[in-house]
file coords24.cif (mmCIF, C-alpha atoms)
data_work
loop_
_atom_site.label_atom_id
_atom_site.label_comp_id
_atom_site.auth_asym_id
_atom_site.auth_seq_id
_atom_site.Cartn_x
_atom_site.Cartn_y
_atom_site.Cartn_z
CA MET Z 1016 137.84 129.15 70.75
CA GLU Z 1017 135.92 127.45 73.55
CA LYS Z 1018 132.24 128.32 73.60
CA ALA Z 1019 130.99 129.92 76.82
CA ALA Z 1020 128.63 127.76 78.86
CA LYS Z 1021 124.97 128.70 78.66
CA PRO Z 1022 123.89 130.57 81.80
CA TRP Z 1023 121.27 129.28 84.21
CA ARG Z 1024 118.25 131.47 83.60
CA TYR Z 1025 115.14 132.39 85.54
CA ASP Z 1026 112.60 134.65 83.86
CA ASN Z 1027 109.25 135.01 85.54
CA ARG Z 1028 106.58 137.42 86.70
CA ILE Z 1029 105.75 136.95 90.35
CA PRO Z 1030 102.73 138.29 92.27
CA SER Z 1031 103.39 141.16 94.66
CA GLN Z 1032 103.52 138.98 97.76
CA PRO Z 1033 106.57 138.36 99.99
CA ASP Z 1034 106.17 134.56 99.82
CA TYR Z 1035 106.97 134.65 96.11
CA CYS Z 1036 110.16 136.58 96.85
CA ALA Z 1037 111.22 133.80 99.22
CA ASN Z 1038 110.58 131.20 96.51
CA VAL Z 1039 112.74 133.01 93.95
CA ILE Z 1040 115.53 133.51 96.49
CA SER Z 1041 115.46 129.78 97.33
CA LEU Z 1042 115.89 128.87 93.67
CA ILE Z 1043 118.79 131.30 93.29
CA LEU Z 1044 120.55 130.09 96.45
CA GLU Z 1045 120.15 126.50 95.27
CA GLN Z 1046 121.84 127.35 91.95
CA LEU Z 1047 124.66 129.29 93.65
CA GLU Z 1048 125.32 126.33 95.90
CA LYS Z 1049 125.29 123.90 92.96
CA SER Z 1050 127.84 126.12 91.23
CA SER Z 1051 129.99 126.32 94.39
CA TRP Z 1052 129.83 130.11 94.82
CA SER Z 1053 131.51 131.27 98.02
CA ASN Z 1054 129.49 132.03 101.15
CA LYS Z 1055 130.53 135.67 100.96
CA ASP Z 1056 129.34 136.11 97.35
CA THR Z 1057 126.17 134.15 98.09
CA PHE Z 1058 125.41 136.37 101.08
CA GLY Z 1059 125.83 139.51 98.94
CA ILE Z 1060 123.58 138.21 96.17
CA HIS Z 1061 121.00 137.05 98.71
CA MET Z 1062 120.99 140.45 100.41
CA ALA Z 1063 120.73 142.42 97.15
CA MET Z 1064 117.99 140.22 95.68
CA GLU Z 1065 115.96 140.16 98.89
CA GLU Z 1066 116.08 143.95 99.17
CA ALA Z 1067 115.44 144.59 95.47
CA ILE Z 1068 112.47 142.23 95.17
CA MET Z 1069 110.92 143.30 98.49
CA ASN Z 1070 111.34 146.96 97.48
CA ALA Z 1071 109.56 146.19 94.20
CA ILE Z 1072 106.72 144.39 96.01
CA HIS Z 1073 106.27 146.89 98.86
CA HIS Z 1074 107.40 150.30 97.61
CA GLY Z 1075 106.92 149.75 93.86
CA ASN Z 1076 103.68 147.79 93.61
CA HIS Z 1077 102.39 148.47 97.16
CA CYS Z 1078 101.49 144.75 97.32
CA ALA Z 1079 98.67 145.35 94.80
CA PRO Z 1080 97.15 142.03 93.70
CA ASP Z 1081 96.80 143.25 90.10
CA LYS Z 1082 100.50 144.12 89.80
CA ASP Z 1083 103.43 141.77 89.39
CA VAL Z 1084 107.22 141.92 89.57
CA HIS Z 1085 109.28 140.78 86.60
CA VAL Z 1086 112.38 138.95 87.79
CA LEU Z 1087 115.10 137.99 85.32
CA VAL Z 1088 118.18 136.17 86.60
CA GLU Z 1089 121.17 134.92 84.64
CA LEU Z 1090 123.91 133.01 86.38
CA PHE Z 1091 127.13 132.79 84.37
CA ASP Z 1092 130.36 131.03 85.30
CA ASP Z 1093 131.93 134.30 86.39
CA ARG Z 1094 129.04 136.57 87.33
CA PHE Z 1095 125.47 136.91 88.53
CA TYR Z 1096 123.08 139.23 86.72
CA SER Z 1097 119.51 140.19 87.55
CA LYS Z 1098 116.92 142.69 86.37
CA ILE Z 1099 113.91 143.37 88.56
CA THR Z 1100 111.04 145.50 87.32
CA ASP Z 1101 107.88 146.52 89.11
CA GLN Z 1102 104.72 148.19 87.82
CA GLY Z 1103 104.89 151.19 90.13
CA CYS Z 1104 105.62 154.80 89.21
CA GLY Z 1105 109.30 154.51 90.09
CA PHE Z 1106 111.55 156.56 92.34
CA ASP Z 1107 114.75 158.56 92.21
CA PRO Z 1108 117.44 156.62 94.09
CA ASP Z 1109 119.62 159.75 94.21
CA ALA Z 1110 116.87 161.58 96.13
CA LEU Z 1111 116.81 159.11 99.03
CA PRO Z 1112 118.06 160.47 102.35
CA ASP Z 1113 121.48 159.22 103.42
CA PRO Z 1114 120.62 156.31 105.76
CA THR Z 1115 124.07 156.51 107.37
CA ALA Z 1116 123.61 160.13 108.52
CA GLU Z 1117 123.24 160.39 112.28
CA GLU Z 1118 119.78 161.98 112.01
CA ASN Z 1119 118.54 159.19 109.69
CA LEU Z 1120 119.82 156.12 111.51
CA GLU Z 1121 116.48 155.46 113.15
CA LYS Z 1122 114.49 155.93 109.93
CA ASP Z 1123 113.47 153.08 107.65
CA CYS Z 1124 114.35 154.82 104.41
CA GLY Z 1125 117.13 154.14 101.94
CA ARG Z 1126 118.85 151.43 103.97
CA GLY Z 1127 117.84 148.62 101.58
CA VAL Z 1128 119.09 150.49 98.51
CA MET Z 1129 122.37 151.24 100.29
CA LEU Z 1130 122.81 147.57 101.16
CA ILE Z 1131 122.23 146.54 97.53
CA MET Z 1132 124.90 149.01 96.39
CA ASN Z 1133 127.38 147.74 98.97
CA PHE Z 1134 126.93 144.02 98.40
CA VAL Z 1135 127.08 143.86 94.58
CA ASP Z 1136 129.43 145.32 91.97
CA VAL Z 1137 127.16 147.13 89.54
CA VAL Z 1138 123.72 148.66 90.17
CA VAL Z 1139 121.82 150.44 87.42
CA TYR Z 1140 118.33 151.95 87.66
CA ASN Z 1141 116.28 152.87 84.60
CA ALA Z 1142 115.22 156.50 84.12
CA LYS Z 1143 111.74 155.89 85.53
CA GLY Z 1144 113.16 154.21 88.63
CA ASN Z 1145 110.96 151.11 88.52
CA SER Z 1146 113.64 148.73 87.26
CA ILE Z 1147 116.99 147.79 88.73
CA GLU Z 1148 119.83 145.81 87.20
CA ILE Z 1149 122.29 144.08 89.50
CA THR Z 1150 125.60 142.46 88.64
CA LYS Z 1151 127.93 140.66 91.01
CA ARG Z 1152 131.20 139.23 89.78
CA ARG Z 1153 132.31 135.91 91.18
CA SER Z 1154 135.15 136.73 93.54
CA ASP Z 1155 137.06 133.48 93.17
CA VAL Z 1156 137.45 133.91 89.40
CA PRO Z 1157 140.67 135.71 88.34
CA SER Z 1158 139.73 139.26 87.29
CA ASN Z 1159 141.17 138.92 83.76
CA ASN Z 1160 138.73 136.07 83.13
CA HIS Z 1161 135.72 138.26 83.84
CA VAL Z 1162 133.57 139.12 80.86
CA GLU Z 1163 132.62 142.79 80.80
CA ALA Z 1164 129.79 142.84 83.31
CA ASP Z 1165 128.40 146.33 82.72
CA ARG Z 1166 125.66 145.48 80.29
CA MET R 1055 111.95 130.24 130.36
CA ASP R 1056 111.82 129.55 126.66
CA ASP R 1057 108.30 129.77 125.29
CA PHE R 1058 108.99 132.11 122.41
CA GLU R 1059 108.48 131.27 118.75
CA CYS R 1060 111.42 133.14 117.24
CA ILE R 1061 113.90 133.81 120.03
CA GLU R 1062 115.71 131.82 122.69
CA LEU R 1063 116.07 133.62 125.99
CA ASP R 1064 118.55 133.21 128.80
CA ASN R 1065 119.29 135.39 131.81
CA ILE R 1066 122.92 135.77 132.81
CA ASN R 1067 123.84 138.14 135.64
CA LYS R 1068 120.57 140.04 135.17
CA VAL R 1069 121.21 140.46 131.44
CA PHE R 1070 118.69 139.17 128.91
CA VAL R 1071 120.71 137.04 126.50
CA VAL R 1072 118.81 136.53 123.26
CA LYS R 1073 119.52 134.22 120.34
CA PHE R 1074 117.47 133.87 117.17
CA LYS R 1075 115.94 130.49 116.40
CA ASP R 1076 116.09 131.10 112.64
CA HIS R 1077 119.35 130.56 110.83
CA LYS R 1078 118.16 133.07 108.22
CA VAL R 1079 116.18 135.94 109.70
CA MET R 1080 114.27 136.99 106.59
CA ASP R 1081 110.65 135.83 106.70
CA PRO R 1082 108.47 138.97 107.07
CA ALA R 1083 105.87 137.29 109.31
CA ARG R 1084 108.51 135.79 111.60
CA ILE R 1085 110.37 139.11 111.75
CA GLU R 1086 107.14 140.72 112.99
CA THR R 1087 106.82 138.03 115.65
CA MET R 1088 110.49 138.36 116.58
CA GLY R 1089 110.06 142.12 117.01
CA LYS R 1090 107.05 141.66 119.26
CA GLU R 1091 108.84 139.04 121.36
CA LEU R 1092 111.86 141.31 121.85
CA MET R 1093 109.65 144.24 122.80
CA SER R 1094 107.71 142.06 125.24
CA LEU R 1095 110.92 141.71 127.27
CA LEU R 1096 110.69 145.44 127.92
CA ALA R 1097 107.08 145.34 129.07
CA GLY R 1098 107.92 147.03 132.38
CA ASN R 1099 109.62 150.39 132.64
CA ASP R 1100 112.81 148.96 134.08
CA SER R 1101 116.15 149.84 132.53
CA GLU R 1102 116.94 146.44 131.09
CA ARG R 1103 120.24 145.16 129.81
CA MET R 1104 120.04 143.01 126.69
CA LEU R 1105 122.63 141.09 124.71
CA ILE R 1106 121.73 139.73 121.28
CA ASN R 1107 124.00 136.86 120.32
CA PHE R 1108 124.06 136.28 116.53
CA ASP R 1109 125.85 132.96 116.84
CA ASN R 1110 123.27 131.07 114.81
CA VAL R 1111 122.56 133.75 112.20
CA SER R 1112 123.78 133.47 108.61
CA PHE R 1113 121.41 136.03 107.09
CA PHE R 1114 119.67 139.09 108.53
CA SER R 1115 117.43 141.27 106.35
CA SER R 1116 117.06 145.03 106.59
CA ALA R 1117 113.49 144.50 107.86
CA ALA R 1118 115.00 142.59 110.78
CA ILE R 1119 117.53 145.37 111.35
CA ASN R 1120 114.63 147.82 111.58
CA LYS R 1121 113.23 145.80 114.49
CA LEU R 1122 116.56 146.06 116.31
CA ILE R 1123 116.60 149.83 115.77
CA VAL R 1124 113.14 150.16 117.35
CA LEU R 1125 114.31 147.94 120.21
CA GLU R 1126 117.47 149.97 120.77
CA LYS R 1127 115.46 153.19 120.84
CA ARG R 1128 113.08 151.78 123.45
CA ILE R 1129 115.88 150.39 125.62
CA ARG R 1130 117.77 153.67 125.45
CA SER R 1131 114.65 155.68 126.36
CA GLN R 1132 114.25 153.52 129.45
CA GLY R 1133 117.87 154.02 130.45
CA GLY R 1134 118.86 150.45 129.56
CA GLN R 1135 121.72 149.09 127.47
CA ILE R 1136 122.00 146.76 124.47
CA ARG R 1137 124.96 144.88 123.02
CA LEU R 1138 125.38 142.63 119.97
CA SER R 1139 127.88 139.79 119.74
CA ASN R 1140 129.06 136.82 117.68
CA LEU R 1141 128.27 138.31 114.27
CA ARG R 1142 129.66 136.58 111.18
CA PRO R 1143 131.77 138.93 109.03
CA GLU R 1144 129.05 139.31 106.39
CA VAL R 1145 126.41 140.14 108.98
CA ARG R 1146 128.85 142.52 110.68
CA ASP R 1147 129.24 144.26 107.29
CA LEU R 1148 125.51 145.02 107.34
CA PHE R 1149 126.01 147.17 110.40
CA SER R 1150 129.17 148.89 109.21
CA TYR R 1151 127.90 149.68 105.68
CA THR R 1152 124.84 151.35 107.17
CA ASN R 1153 126.76 153.08 110.00
CA LEU R 1154 124.60 151.24 112.52
CA ASP R 1155 127.74 150.17 114.33
CA SER R 1156 127.71 153.71 115.73
CA MET R 1157 124.32 152.96 117.29
CA PHE R 1158 125.05 149.45 118.56
CA GLN R 1159 128.04 148.33 120.58
CA ILE R 1160 129.19 145.18 118.79
CA LYS R 1161 131.53 142.70 120.46
CA ASP R 1162 133.20 139.61 119.05
CA GLU R 1163 132.21 137.22 121.83
CA GLN R 1164 129.37 136.90 124.32
CA GLU R 1165 131.69 137.05 127.35
CA GLU R 1166 133.24 140.27 126.13
CA ALA R 1167 129.78 141.74 125.53
CA LEU R 1168 128.56 140.73 128.99
CA ALA R 1169 131.62 142.32 130.58
CA SER R 1170 131.01 145.57 128.70
CA PHE R 1171 127.69 146.43 130.39
CA GLU R 1172 127.84 149.31 132.79
CA LYS R 1173 126.68 148.36 136.28
CA LYS R 1174 123.14 149.40 137.15
#

call {"tool": "encode", "arguments": {"input": "coords24.cif", "output": "structure tokens"}}
result
Amino acid sequence: MEKAAKPWRYDNRIPSQPDYCANVISLILEQLEKSSWSNKDTFGIHMAMEEAIMNAIHHGNHCAPDKDVHVLVELFDDRFYSKITDQGCGFDPDALPDPTAEENLEKDCGRGVMLIMNFVDVVVYNAKGNSIEITKRRSDVPSNNHVEADR
Amino acid sequence: MDDFECIELDNINKVFVVKFKDHKVMDPARIETMGKELMSLLAGNDSERMLINFDNVSFFSSAAINKLIVLEKRIRSQGGQIRLSNLRPEVRDLFSYTNLDSMFQIKDEQEEALASFEKK
């Protein structure tokens, strides 16, 4: 049986500053391009990672200089996986107001989380609500070749 | 007419036609600047008509969307109109997933968007 290729891996703690988010995103986009991921998949991963890391920096850690964000990324042949954890007190994603409701359209609350859920395949929060796991399957890989992505 | 840092501005038939200079509208500091530049176009109390052409845009963060929402609210309160055009499918998805396509009139092409403004 052919051995699966080792995934590209990024595992780092970044300070709670937006510039560091941009650096991580650049590295991820570079790897996706090297691996010839489609523009559509790349856009979805970019959107989800941008929103998840910025949420962790702003809403989780409140940009506190003594708090960091743990970003783990694994890029497999057929899927993208990431786990992002902040040092905040967490939140309940189910308690967010519906950002698509007419009365909430003008509010800046819950839109980022909704975008993450729409642009990737699997989103899992831990019980505390300070850690999010994201999985996006590569769309140009036949579905029967996908490894079970729900880890 | 173009002395802005983040937007390019044109005026066609009394409509402000705006394009973004950034291919990826995601840098928080530049989004702040972009928001201020857009709002500066509404400095008077006139009911302005504005078209935002996304021709050059491959990525648009939710922070940038928030600036457009504030802009739309201001334009609407002044009796003006706003249209969006030339969105790539992925960027268009941003607006449909969040139901913001009920707030913004989105057209495929600039000409179509220009023609859709109601006369003052």

call {"tool": "interface_residues", "arguments": {"input": "coords24.cif", "of": "chain Z", "to": "chain R", "cutoff": "12 Å", "atoms": "only C-alpha atoms", "output": "PyMOL selection string"}}
result
chain Z and resi 1032-1038+1040-1041+1053-1067+1069-1070+1073+1113-1134

call {"tool": "closest_residue", "arguments": {"input": "coords24.cif", "among": "R:Leu1138, R:Ile1066, R:Ala1167, R:Leu1092", "to": "Leu1125 of chain R", "atoms": "all atoms listed in the file"}}
result
R:Leu1092

call {"tool": "resolve_selection", "arguments": {"input": "coords24.cif", "expression": "the PyMOL selection byres ((chain R and resi 1108) around 9)", "output": "ChimeraX atom specification"}}
result
/R:1072-1074,1106-1107,1109-1112,1138-1142,1145

call {"tool": "closest_residue", "arguments": {"input": "coords24.cif", "among": "Z:Ser1097, Z:Ser1050, Z:Gln1102, Z:Thr1150", "to": "Asp1026 of chain Z", "atoms": "all atoms listed in the file"}}
result
Z:Ser1097

call {"tool": "atom_distance", "arguments": {"input": "coords24.cif", "atom1": "atom CA of Lys1078 of chain R", "atom2": "atom CA of Asn1065 of chain R"}}
result
23.7 Å

call {"tool": "atom_distance", "arguments": {"input": "coords24.cif", "atom1": "atom CA of Pro1080 of chain Z", "atom2": "atom CA of Lys1143 of chain Z"}}
result
21.7 Å

call {"tool": "residues_around", "arguments": {"input": "coords24.cif", "residues": "segment 1082-1092 of chain Z", "least_positions_apart": "4", "cutoff": "7 Å", "atoms": "all atoms listed in the file", "output": "MDAnalysis selection string"}}
result
chainID Z and resid 1022:1031 1071:1072 1076 1096:1102

call {"tool": "residues_around", "arguments": {"input": "coords24.cif", "residues": "Leu1105 of chain R", "least_positions_apart": "6", "cutoff": "7 Å", "atoms": "all atoms listed in the file", "output": "number ranges by chain"}}
result
R: 1069-1072, 1136-1138

call {"tool": "residues_around", "arguments": {"input": "coords24.cif", "residues": "Lys1090 of chain R", "least_positions_apart": "4", "cutoff": "10 Å", "atoms": "all atoms listed in the file", "output": "MDAnalysis selection string"}}
result
chainID R and resid 1060 1084:1086 1094:1095 1121 1125

call {"tool": "axis_aligned_box", "arguments": {"input": "coords24.cif", "around": "segment 1055-1067 of chain Z", "padding_each_side": "4 Å", "output": "JSON"}}
result
{"center_x": 123.0, "center_y": 139.4, "center_z": 98.3, "size_x": 23.1, "size_y": 18.4, "size_z": 13.6}

call {"tool": "atom_distance", "arguments": {"input": "coords24.cif", "atom1": "atom CA of Gly1144 of chain Z", "atom2": "atom CA of Asp1107 of chain Z"}}
result
5.9 Å
